Amino acid sequence: MFIADIRKDFYEVVANQRVVLLVAPDIDALCACKILQALFHCDQIQYTLVPVTGWQDLGTAFLEHKEQIKLLIKQDDDLSVPSYDDIFRDEDEEGEDSGNESDEGSEPSGKRRRFDEGAVERRIERQRAKREWEARRREILFDYEQYEYHGTSAAMMFFELAWVLTKDTKDMLWWAIIGLTDQWVHDKITNMKYVTDIATMQRHVSRHNHRNEDEENSLSIDCMRISFEYDLRLTLYQHWSLYESIYNSCYTSCSFKLWTLNGQKKLQEFLADMGLPLKQVRQKFNSMDMSIKENLRDVIEESSNKYGMKDIRIQTFGVHFGFKNRFLASDMVHATAALLESAEKDDSETDNFIKALDALSRSNIDRLHSGIELAKKKLIAIQQTVASCICTNLILSQGPFLYCYLMEGTPDVKLFSKPMALTLLCKYLLKAFVHSTRNKRCKLLPLVMAAPKDVEKGTVIVVGIPPESETSDKKNFFGRAFEKAAESTSSRTLHDHFDTSIIELKTEDRSKFLDALITLLS
Amino acid sequence: MDASEVEFLAEKEMVKIIPNFSLDKVFLIGGDLGPFNPGLPIDVPVWLALNLKQRQKCRIIPPEWMDVEKLEEMRDLERKEDMFTPVPSPYYMELTKLLLNHASDNIPKADEIRTLVKDIWDTRIAKLRLSADSFISQQEAYAKLDNLTLMEINTIRAFLLDTLNCMYKLRSNLQ
């Protein structure tokens with residue numbers, strides 16, 4: 001639904017009714033859901049929360065609640081929508097005095113000899129403009145359907161709504177920040193957009209920080225404090241040991257090539273270069289010596305510049321409440337993602353959803369810590385899988401793209417039957433491959449990855465990601481490509497996920513699907 | 001009685017808030033709550049204040065006694081005296097807990113206040129324990145304690161009554 005003014009057209013309409021909230025299973029949607037729940041609690045609006053995992057689920061949920069529904073709110077990462085005016089234009093542009101932009105452009109050329117000639121000229125101009133506009137429209141629509149990419153974080157949008165209603169709190173701000181960081185961690189938005197959005201959030205953060213704090217009357221230590229940090233890109237490093245974090249973070253692991261012996265030696269050199277004794281570095285971060293911890297960020301930045309890692313520091317936010325609890329936004333994203341997709345046998349999807357949702361509130365720190373532990377296991381599993389795939393040359397070049405299949409016996413393969421985890425693995429694998437291969441052409445290829453999803457039903461989950469490049473705009477064309485390939489070979493596929501570049505496929509149809517994809521993309 | 005029941009009774013105490021919405025006079029069974037005007041302070045019971053605060057509709061103003069200097073004086077007085085000194089409010093402990101848990105951003109120096117109130121509570125409970133101990137060991141029949149709050153009485157009630165019952169049984173068995 002297209003909305004111009006989120007407060008009037010959305011919130012006030014919803015305010016007096018019962019609402020059904022259908023939420024997609026990713027962190028941004030979870031954060032947006034929390035913000036919306038908080039707003040509903042403030043105004044005592046009744047709502048029903050339904051987690052949906054795909055289009056089919058959405059359909060069933062809609063049918064269940066059909067009698068009571070007048071308006072649905074569905075959140076997922078906003079697949080970007082081109083601006084309203086570019087596509088739909090009011091049809092009453094035929095009138096003589098319509099203020100057409102290109103028309104205005106031609107007016108100042110001053111040819112106002114006689115009214116008739118002027119009118120004819122204007123009509124020709126307008127027709128030409130209309131043809132151009134139609135061509136542009138076709139192009140935009142083609143782009144829109146061809147590519148899939150993400151727009152602004154839903155959590156941020158709802159935070160803006162809360163701000164407009166002046167009901168924004170630090171909790172909501174923190175959730176919006178987590179939503180934005182989720183988009184960055186899972187590589188859904190470009191660097192430029194991330195930095196721009198961070199700047200917006202930074203304005204809100206400084207506004208909140210100046211609200212209550214005085215020289216004399218400082219806030220209780222239990223109050224939540226959000227701060228802007230220019231912190232290291234090492235995942236979970238404050239909740240792990242520094243060594244483990246460097247070893248298992250995508251950025252450092254790919255730059256050092258830690259799957260080779262040489263790489264590990266380089267890591268030791270790097271640590272020695274910074275003067276960090278191995279014993280310290282392998283300890284839990286909180287137990288490291290204070291003298292080391294104080295200048296850690298600067299020291300690491302200096303050394304990593306020498307080893308070719310220019311972006312080891314990233315702009316992000318951290319939260320701090322109580323004496324013990326300090327978290328970075330990316331920590332929370334990884335913890336919640338791990339909870340959401342935990343592959344335990346007896347947890348249903350809804351249970352996982354509720355657990356992940358709980359972990360986002362401040363009162364459930366235990367949940368969050370268990371999420372962090374799960375996230376550590378997940379990262380270690382990803383690192384090991386990446387290392388084994390590269391060392392055993394499991395990535396094959398199929399011509400227009402690279403392909404990798406995770407066999408059933410691979411350790412932790414159950415972890416990768418979930419879409420977010422598999423996508424994360426995919427991205428790390430592609431980065432690692434680009435760093436390890438010498439073939440120039442292969443570096444520019446996209447990657448398609450398949451992993452077994454359900455052994456009894458015999459399905460695999462297939463994910464496609466665009467090629468790795470510095471200036472990538474994160475547009476993913478695999479959605480359409482998968483659809484067309486499936487049609488042409490009549491393979492049994494399920495295009496259920498909200499993210500169209502992730503599909504389910506029957507194992508037997510795998511080879512013909514691949515062949516079709518190759519012919520389609522070459 | 002349970003500690004949570006005492007807290008429930010404590011929620012009837014009045015506290016000053018500054019609402020940010022407007023509402024006409026509300027007629028409740030327990031009494032009327034005056035018209036709410038944004039920006040003008042008004043007295044409401046604690047239960048309503050907390051509800052409004054959680055819905056971000058008001059700002060709570062800490063009661064007068066919830067001030068670092070006053071509490072420090074009270075704590076020092078309590079430590080000097082043998083008897084119980086008059087309390088700032090008959091529900092000081094519960095109010096401190098409720099207000100500091102839900103509205104600590106409206107209360108300046110919340111951490112110090114929490115520590116001070118806890119100090120006062122500890123001193124009073126220690127005195128109570130001493131007094132109960134001497135009551136039992138000297139086998140008194142009658143004791144008078146001024147200025148005790150319901151929460152403190154409630155803390156010792158179960159234990160004291162059980163002890164006295166046990167002692168009575170023991171004594172009657174002896175005879």
# chains A, B, ... in the order shown; residues from 1 in each chain; ligands from 1
>>> interface_residues(of="chain B", to="chain A", cutoff="8 Å", atoms="only C-alpha atoms", output="list in words")
Gln54, Arg55, Gln56, Ser104, Asp105, Pro108, Lys109, Ala110 and Asp111 of chain B
>>> residues_around(residues="Ala10 (chain B)", least_positions_apart="4", cutoff="8 Å", atoms="only C-alpha atoms", output="ChimeraX atom specification")
/B:6,46,91,94-95
>>> write_last_selection(atoms="C-alpha atoms", output="short mmCIF file (atom, residue, chain, number, x, y, z; two decimals), in the first residue's frame")
data_model
loop_
_atom_site.label_atom_id
_atom_site.label_comp_id
_atom_site.auth_asym_id
_atom_site.auth_seq_id
_atom_site.Cartn_x
_atom_site.Cartn_y
_atom_site.Cartn_z
CA VAL B 6 1.50 -4.61 51.05
CA VAL B 46 0.66 5.65 42.34
CA TYR B 91 5.17 3.16 52.53
CA GLU B 94 7.49 0.19 48.35
CA LEU B 95 7.26 3.63 46.83
#
>>> atom_distance(atom1="CA of Lys457 (chain A)", atom2="CA of Val386 (chain A)")
26.5 Å
>>> closest_residue(among="B:Ile120, B:Leu50, B:Ile61, B:Cys166", to="Asn101 (chain B)", atoms="only C-alpha atoms")
B:Leu50
>>> select_by_dssp(residues="chain B", states="alpha helix (DSSP H)", output="PyMOL selection string")
chain B and resi 3-10+46-54+68-80+92-102+110-137+150-174
>>> residues_around(residues="region 15-21 of chain B", least_positions_apart="5", cutoff="9 Å", atoms="only C-alpha atoms", output="VMD selection string")
chain B and resid 36 to 46 49 52 to 53 56 to 63
>>> write_last_selection(atoms="C-alpha atoms", output="PDB file, in the first residue's frame")
ATOM      1  CA  PHE B  36      -5.915  16.442  33.410  1.00  0.00           C
ATOM      2  CA  ASN B  37      -4.306  19.303  31.523  1.00  0.00           C
ATOM      3  CA  PRO B  38      -1.037  18.979  29.692  1.00  0.00           C
ATOM      4  CA  GLY B  39       1.815  20.585  31.579  1.00  0.00           C
ATOM      5  CA  LEU B  40      -0.068  21.160  34.842  1.00  0.00           C
ATOM      6  CA  PRO B  41       0.904  19.049  37.850  1.00  0.00           C
ATOM      7  CA  ILE B  42      -1.790  16.965  39.476  1.00  0.00           C
ATOM      8  CA  ASP B  43      -1.977  14.443  42.305  1.00  0.00           C
ATOM      9  CA  VAL B  44      -2.895  10.906  41.383  1.00  0.00           C
ATOM     10  CA  PRO B  45      -2.561   7.517  43.055  1.00  0.00           C
ATOM     11  CA  VAL B  46       0.659   5.653  42.339  1.00  0.00           C
ATOM     12  CA  ALA B  49       0.871   7.260  37.757  1.00  0.00           C
ATOM     13  CA  LEU B  52       0.399   6.492  32.598  1.00  0.00           C
ATOM     14  CA  LYS B  53       4.176   6.560  32.785  1.00  0.00           C
ATOM     15  CA  GLN B  56       4.368   7.600  28.057  1.00  0.00           C
ATOM     16  CA  LYS B  57       1.550   9.914  28.980  1.00  0.00           C
ATOM     17  CA  CYS B  58       3.073  11.655  31.976  1.00  0.00           C
ATOM     18  CA  ARG B  59       6.187  12.582  33.877  1.00  0.00           C
ATOM     19  CA  ILE B  60       6.439  11.617  37.527  1.00  0.00           C
ATOM     20  CA  ILE B  61       7.694  14.114  40.079  1.00  0.00           C
ATOM     21  CA  PRO B  62       9.511  12.458  42.980  1.00  0.00           C
ATOM     22  CA  PRO B  63       7.877  13.014  46.404  1.00  0.00           C
TER      23      PRO B  63
END
>>> closest_residue(among="B:Asp24, B:Glu13, B:Glu81, B:Glu69", to="Glu112 (chain B)", atoms="only C-alpha atoms")
B:Glu69
>>> residues_around(residues="Ile156 (chain B)", least_positions_apart="5", cutoff="12 Å", atoms="only C-alpha atoms", output="PDB file with N, CA and C atoms, in the first residue's frame")
ATOM      1  N   MET B   1      -0.225 -11.990  55.517  1.00  0.00           N
ATOM      2  CA  MET B   1      -0.168 -11.037  54.407  1.00  0.00           C
ATOM      3  C   MET B   1       1.108 -11.259  53.609  1.00  0.00           C
ATOM      4  N   ASP B   2       1.016 -10.954  52.361  1.00  0.00           N
ATOM      5  CA  ASP B   2       2.134 -11.180  51.467  1.00  0.00           C
ATOM      6  C   ASP B   2       2.783  -9.829  51.159  1.00  0.00           C
ATOM      7  N   ALA B   3       4.060  -9.846  50.811  1.00  0.00           N
ATOM      8  CA  ALA B   3       4.712  -8.573  50.486  1.00  0.00           C
ATOM      9  C   ALA B   3       4.036  -7.892  49.305  1.00  0.00           C
ATOM     10  N   ARG B 124      16.646  -0.142  60.403  1.00  0.00           N
ATOM     11  CA  ARG B 124      15.382  -0.373  61.114  1.00  0.00           C
ATOM     12  C   ARG B 124      15.126  -1.848  61.328  1.00  0.00           C
ATOM     13  N   ILE B 125      15.425  -2.638  60.323  1.00  0.00           N
ATOM     14  CA  ILE B 125      15.202  -4.081  60.482  1.00  0.00           C
ATOM     15  C   ILE B 125      16.130  -4.645  61.543  1.00  0.00           C
ATOM     16  N   ALA B 126      17.357  -4.133  61.595  1.00  0.00           N
ATOM     17  CA  ALA B 126      18.287  -4.605  62.623  1.00  0.00           C
ATOM     18  C   ALA B 126      17.737  -4.278  64.010  1.00  0.00           C
ATOM     19  N   LYS B 127      17.234  -3.058  64.147  1.00  0.00           N
ATOM     20  CA  LYS B 127      16.651  -2.677  65.446  1.00  0.00           C
ATOM     21  C   LYS B 127      15.480  -3.580  65.789  1.00  0.00           C
ATOM     22  N   LEU B 128      14.691  -3.896  64.771  1.00  0.00           N
ATOM     23  CA  LEU B 128      13.511  -4.738  64.999  1.00  0.00           C
ATOM     24  C   LEU B 128      13.928  -6.125  65.468  1.00  0.00           C
ATOM     25  N   ARG B 129      14.962  -6.632  64.830  1.00  0.00           N
ATOM     26  CA  ARG B 129      15.439  -7.963  65.196  1.00  0.00           C
ATOM     27  C   ARG B 129      15.928  -7.982  66.636  1.00  0.00           C
ATOM     28  N   LEU B 130      16.715  -6.943  66.985  1.00  0.00           N
ATOM     29  CA  LEU B 130      17.229  -6.835  68.356  1.00  0.00           C
ATOM     30  C   LEU B 130      16.079  -6.790  69.349  1.00  0.00           C
ATOM     31  N   SER B 131      15.093  -5.976  69.004  1.00  0.00           N
ATOM     32  CA  SER B 131      13.961  -5.800  69.902  1.00  0.00           C
ATOM     33  C   SER B 131      13.195  -7.110  70.069  1.00  0.00           C
ATOM     34  N   ALA B 132      12.992  -7.817  68.971  1.00  0.00           N
ATOM     35  CA  ALA B 132      12.276  -9.103  69.061  1.00  0.00           C
ATOM     36  C   ALA B 132      13.078 -10.092  69.886  1.00  0.00           C
ATOM     37  N   ASP B 133      14.380 -10.073  69.665  1.00  0.00           N
ATOM     38  CA  ASP B 133      15.254 -10.984  70.411  1.00  0.00           C
ATOM     39  C   ASP B 133      15.164 -10.733  71.911  1.00  0.00           C
ATOM     40  N   LEU B 148       6.610   2.012  63.224  1.00  0.00           N
ATOM     41  CA  LEU B 148       6.934   0.921  62.305  1.00  0.00           C
ATOM     42  C   LEU B 148       6.012   1.003  61.095  1.00  0.00           C
ATOM     43  N   THR B 149       6.556   0.637  59.951  1.00  0.00           N
ATOM     44  CA  THR B 149       5.693   0.635  58.767  1.00  0.00           C
ATOM     45  C   THR B 149       5.142  -0.766  58.532  1.00  0.00           C
ATOM     46  N   LEU B 150       4.126  -0.829  57.729  1.00  0.00           N
ATOM     47  CA  LEU B 150       3.440  -2.097  57.482  1.00  0.00           C
ATOM     48  C   LEU B 150       4.392  -3.126  56.867  1.00  0.00           C
ATOM     49  N   MET B 151       5.270  -2.675  55.996  1.00  0.00           N
ATOM     50  CA  MET B 151       6.190  -3.604  55.339  1.00  0.00           C
ATOM     51  C   MET B 151       7.137  -4.236  56.348  1.00  0.00           C
ATOM     52  N   LEU B 161       5.499 -14.748  65.081  1.00  0.00           N
ATOM     53  CA  LEU B 161       4.344 -15.500  65.561  1.00  0.00           C
ATOM     54  C   LEU B 161       4.652 -16.982  65.641  1.00  0.00           C
ATOM     55  N   ASP B 162       5.348 -17.494  64.625  1.00  0.00           N
ATOM     56  CA  ASP B 162       5.699 -18.920  64.675  1.00  0.00           C
ATOM     57  C   ASP B 162       6.583 -19.222  65.864  1.00  0.00           C
ATOM     58  N   THR B 163       7.552 -18.357  66.086  1.00  0.00           N
ATOM     59  CA  THR B 163       8.460 -18.584  67.217  1.00  0.00           C
ATOM     60  C   THR B 163       7.693 -18.607  68.522  1.00  0.00           C
TER      61      THR B 163
END
>>> closest_residue(among="B:Asp122, B:Asp32, B:Asp67, B:Glu140", to="Glu152 (chain B)", atoms="only C-alpha atoms")
B:Asp122
>>> atom_distance(atom1="CA of Ala375 (chain A)", atom2="CA of Leu339 (chain A)")
7.9 Å
>>> closest_residue(among="B:Met167, B:Ala103, B:Leu77, B:Leu9", to="Ile136 (chain B)", atoms="only C-alpha atoms")
B:Met167
>>> atom_distance(atom1="CA of Leu98 (chain B)", atom2="CA of Glu7 (chain B)")
8.7 Å
>>> residues_around(residues="region 361-369 of chain A", least_positions_apart="2", cutoff="12 Å", atoms="only C-alpha atoms", output="number ranges by chain")
A: 30-31, 33-35, 37-38, 170-172, 174-175, 178, 222-224, 236, 239-240, 319-322, 324-327, 331-340, 352, 354-359, 371-376; B: 101
>>> select_by_dssp(residues="chain B", states="strand (DSSP E or B)", output="list in words")
Met14, Val15, Lys16, Ile17, Ile18, Pro19, Leu23, Val26, Phe27, Leu28, Gly31, Asp32, Leu33, Phe36, Ile42, Asp43, Val44, Pro45, Cys58, Arg59, Ile60 and Ile61 of chain B
>>> write_last_selection(atoms="C-alpha atoms", output="PDB file, in the first residue's frame")
ATOM      1  CA  MET B  14      -0.746   9.922  46.047  1.00  0.00           C
ATOM      2  CA  VAL B  15       2.105  11.196  43.930  1.00  0.00           C
ATOM      3  CA  LYS B  16       2.435  14.272  41.729  1.00  0.00           C
ATOM      4  CA  ILE B  17       2.597  13.891  37.963  1.00  0.00           C
ATOM      5  CA  ILE B  18       2.678  16.168  34.951  1.00  0.00           C
ATOM      6  CA  PRO B  19       0.452  14.698  32.243  1.00  0.00           C
ATOM      7  CA  LEU B  23      -8.953  14.525  30.060  1.00  0.00           C
ATOM      8  CA  VAL B  26     -12.763  10.963  36.087  1.00  0.00           C
ATOM      9  CA  PHE B  27     -15.176   9.544  38.660  1.00  0.00           C
ATOM     10  CA  LEU B  28     -13.831   6.382  40.232  1.00  0.00           C
ATOM     11  CA  GLY B  31     -12.596   9.065  44.570  1.00  0.00           C
ATOM     12  CA  ASP B  32     -12.485  11.651  41.819  1.00  0.00           C
ATOM     13  CA  LEU B  33      -9.410  12.334  39.792  1.00  0.00           C
ATOM     14  CA  PHE B  36      -5.915  16.442  33.410  1.00  0.00           C
ATOM     15  CA  ILE B  42      -1.790  16.965  39.476  1.00  0.00           C
ATOM     16  CA  ASP B  43      -1.977  14.443  42.305  1.00  0.00           C
ATOM     17  CA  VAL B  44      -2.895  10.906  41.383  1.00  0.00           C
ATOM     18  CA  PRO B  45      -2.561   7.517  43.055  1.00  0.00           C
ATOM     19  CA  CYS B  58       3.073  11.655  31.976  1.00  0.00           C
ATOM     20  CA  ARG B  59       6.187  12.582  33.877  1.00  0.00           C
ATOM     21  CA  ILE B  60       6.439  11.617  37.527  1.00  0.00           C
ATOM     22  CA  ILE B  61       7.694  14.114  40.079  1.00  0.00           C
TER      23      ILE B  61
END
>>> closest_residue(among="B:Ala158, B:Val117, B:Glu73, B:Leu164", to="Phe135 (chain B)", atoms="only C-alpha atoms")
B:Leu164
>>> residues_around(residues="region 84-88 of chain B", least_positions_apart="6", cutoff="7 Å", atoms="only C-alpha atoms", output="list of chain:residue names")
B:Trp65, B:Glu78, B:Arg124, B:Asp146, B:Asn147
>>> residues_around(residues="Ile198 (chain A)", least_positions_apart="6", cutoff="9 Å", atoms="only C-alpha atoms", output="list of chain:residue names")
A:Ile177, A:Leu180, A:Gln315, A:Thr316, A:Phe317
>>> closest_residue(among="A:Gly275, A:Gly308, A:Pro467, A:Pro446", to="Leu396 (chain A)", atoms="only C-alpha atoms")
A:Pro446
